[in-house]
Amino acid sequence: MDIRFKSIKGMNDILPPESNIWINLEHLLREHFFMAGFREIRTPILEYFELFVRGIGEGTDIVEKEMYSFKDKDGEMITLRPEGTAPVVRAIIEHNFLKHDGICRFFYLGPMFRYERPQKGRLRQFHQFGAEVFGIQDGSIDGELIFLGVSLLNKLGVQERDFITKVNSLGCIECRKGFRESLVVFLNKSKDSFCDDCKRRILTNPLRVLDCKNDSCRALTQDAPCTVDYLCEGCSKHFDEVKRALKCFEIKYEIDSRLVRGLDYYSRTTFEIQITNNLLGSQNTVIAGGRYNSLFKDFVGEDYPAIGFAGGIERLLEVIDKKLIEPKEKLRVSFMSDLASFDVRDVLVVQKLREAGIEVEVDLATKSYKSKFKRADRNQSTFAIIKGEDEKKGGYYTVKDLRLSINSEDKQFRIKPEELCNEILRRKEIEWS
RNA sequence: GUGAGUGUAGCUCAACUGGUCAGAGCACCGGACUGUGGCUCCGGUUGUUGGGGGUUCGAGUCCCCUCACUCACCCCA
């Protein structure tokens, strides 16, 4: 067979049985957030280009080269969302949620798009979940939100020893000015020794030099100034609150002064949960977030308390204990018949079974009953219900319990249509040894 | 955008330095089993060896181009 069409690079099909795992993971994520008082928000996948330029930052890689943007038929530039925070903020402002209730907790779940070279833990269409809290200024909520992320990993069976929580504070715009100046001075002292990327970063985005993975650059920035040393009184107090909250929640964490984050809107707290057991290769961050009070400035002209995080579902799937989200075994039944024997009364019986929570596959194909049985077996059906020529004449169904060995007496029996459903339900409870 | 690796039946993989090498297992279909599965046995189907070009008497095997996938850099969830 020649394959004429393939999926777009970095955009994968999620097929059974894998899709069942997704359904269950999504369900578990929703439960996790609901139980913490969050409500789901679903924003469109397309937004105006400008939203992300303003929201994420003009100089960022995401905006500069990774967005799927195109002109709509009316000439408007629109973009496939590359992340979830900006759309959520847009939505709650647009619908005046904050005027109605100053404190809101939301979560979202869905596909995001970035034009990148795919590799392990990185796709062009990928899926993120995220949580955002609006209206709470003090550091306790930062700690609580980090706890929400950590406890999610716990719930999903990720071992305590396999991840690390890193926390930092970038300070507000004011603190960052001072820090930035000192950092640039420090970096310029040895600017010729940095890698080419870092030389460029010193000019464009000096904070990112701290983030460089290059060992020699890391060594050079060993004694670089730390953001936390430049915090103003307010930011410093806030960071203390965060640390106190983390202690209350008994979260193990380390302060990482290199944690600067790539998106422009962050201020004060930033955090990241990284997987340390190498299951994710180099894309080892599963959950990351931070405070972004100043994002609101771009949208409504003034700051508003806001903090959130996002997590990658594909990355999560690589590291979690799949047993915890494996689909539950359902009672499955194969209804075997053929077009000469099957009629509307059988349809009603099938519907009744399905309403009783039994999964019924109807097999009317013009094939041998032998092949229908084979298929039932492959499907792991518990029962086969047969409505063939004989059953039609006699007005009954033949039921076969497929769990039993071939010479068992009770294996196959006839039953009246009106008794079928209850009998199936009754027999499913019987455990044959 | 840069670099490295891989590309053989639906799946997992064989085929020594180019010479019956186009194969095995699983899967699938059929039969043994007169509408009745699993186990066993028997039989059968499947590929333009990713695509194109070149070297050669001869290429899955060597060379070039191209495409796809994977990993890494970059960046990020």
# chains A, B, ... in the order shown; residues from 1 in each chain; ligands from 1
call {"tool": "interface_residues", "arguments": {"of": "chain B", "to": "chain A", "cutoff": "10 Å", "atoms": "only C-alpha atoms (C1' of nucleotides)", "output": "list in words"}}
result
G1, C29, C33, G35, U36, G37, G38, A68, C69, U70, C71, A72, C73, C74, C75, C76 and A77 of chain B
call {"tool": "select_by_dssp", "arguments": {"residues": "range 27-103 of chain A", "states": "helix (DSSP H, G or I)", "output": "ChimeraX atom specification"}}
result
/A:27-35,49-56,61-66,85-94,97-100
call {"tool": "write_last_selection", "arguments": {"atoms": "C-alpha atoms", "output": "CSV table (one decimal), in the first residue's frame"}}
result
chain,number,residue,atom,x,y,z
A,27,HIS,CA,-9.5,12.6,33.9
A,28,LEU,CA,-7.1,12.3,36.7
A,29,LEU,CA,-5.7,15.8,36.0
A,30,ARG,CA,-9.2,17.3,36.0
A,31,GLU,CA,-10.0,15.6,39.3
A,32,HIS,CA,-6.7,16.8,40.8
A,33,PHE,CA,-7.5,20.4,39.9
A,34,PHE,CA,-11.2,20.2,40.7
A,35,MET,CA,-10.4,18.9,44.2
A,49,PHE,CA,-1.1,37.1,16.8
A,50,GLU,CA,-0.8,40.2,18.9
A,51,LEU,CA,-2.0,38.5,22.0
A,52,PHE,CA,1.1,36.3,22.1
A,53,VAL,CA,3.5,39.1,21.0
A,54,ARG,CA,2.3,41.2,23.9
A,55,GLY,CA,1.9,38.3,26.3
A,56,ILE,CA,5.0,36.2,25.8
A,61,ASP,CA,12.2,32.5,20.6
A,62,ILE,CA,8.6,31.4,20.8
A,63,VAL,CA,7.3,34.6,19.2
A,64,GLU,CA,10.3,35.1,17.0
A,65,LYS,CA,10.4,31.8,15.2
A,66,GLU,CA,8.2,29.2,16.7
A,85,THR,CA,-1.4,31.5,30.0
A,86,ALA,CA,-2.0,34.5,27.7
A,87,PRO,CA,-5.3,33.1,26.3
A,88,VAL,CA,-6.6,32.5,29.8
A,89,VAL,CA,-5.7,36.0,30.9
A,90,ARG,CA,-7.3,37.4,27.8
A,91,ALA,CA,-10.5,35.4,28.5
A,92,ILE,CA,-10.9,36.4,32.1
A,93,ILE,CA,-10.3,40.0,31.3
A,94,GLU,CA,-12.6,39.9,28.4
A,97,PHE,CA,-14.3,37.7,35.8
A,98,LEU,CA,-12.1,39.6,38.1
A,99,LYS,CA,-14.7,42.3,38.7
A,100,HIS,CA,-17.1,39.7,39.7
call {"tool": "residues_around", "arguments": {"residues": "range 397-399 of chain A", "least_positions_apart": "6", "cutoff": "9 Å", "atoms": "only C-alpha atoms (C1' of nucleotides)", "output": "list in words"}}
result
Phe383, Ala384, Ile385, Ile386, Lys387, Gly388, Glu391, Lys411, Gln412, Phe413, Arg414, Ile415, Lys416, Pro417, Leu420 and Ile424 of chain A
call {"tool": "atom_distance", "arguments": {"atom1": "CA of Lys247 in chain A", "atom2": "CA of Ile320 in chain A"}}
result
25.3 Å
call {"tool": "select_by_dssp", "arguments": {"residues": "range 172-314 of chain A", "states": "strand (DSSP E)", "output": "count of residues only"}}
result
23
call {"tool": "residues_around", "arguments": {"residues": "Pro327 in chain A", "least_positions_apart": "5", "cutoff": "7 Å", "atoms": "only C-alpha atoms (C1' of nucleotides)", "output": "list in words"}}
result
Asn20, Ile21 and Asn24 of chain A
call {"tool": "closest_residue", "arguments": {"among": "B:U34, B:U46, B:U40, B:U66", "to": "G10 in chain B", "atoms": "only C-alpha atoms (C1' of nucleotides)"}}
result
B:U46
call {"tool": "decode", "arguments": {"residues": "range 319-339 of chain A", "atoms": "C-alpha atoms", "output": "compact mmCIF listing (two decimals), in the first residue's frame"}}
result
# COMPACT_ATOMS: atom_id res chain seq x y z
CA VAL A 319 7.65 9.37 33.62
CA ILE A 320 4.50 8.39 35.43
CA ASP A 321 3.55 4.97 36.67
CA LYS A 322 1.25 3.84 33.86
CA LYS A 323 -0.35 1.20 36.03
CA LEU A 324 -2.11 3.95 37.94
CA ILE A 325 -3.96 5.15 34.88
CA GLU A 326 -4.51 1.92 33.05
CA PRO A 327 -8.09 1.46 31.91
CA LYS A 328 -10.32 -0.56 34.17
CA GLU A 329 -11.38 -3.93 32.87
CA LYS A 330 -14.90 -3.63 31.54
CA LEU A 331 -17.35 -6.40 30.91
CA ARG A 332 -17.26 -7.01 27.21
CA VAL A 333 -19.63 -9.11 25.19
CA SER A 334 -19.62 -10.20 21.57
CA PHE A 335 -23.02 -10.41 19.97
CA MET A 336 -22.72 -12.73 16.99
CA SER A 337 -25.34 -12.87 14.37
CA ASP A 338 -25.91 -12.42 10.68
CA LEU A 339 -28.26 -10.39 8.55
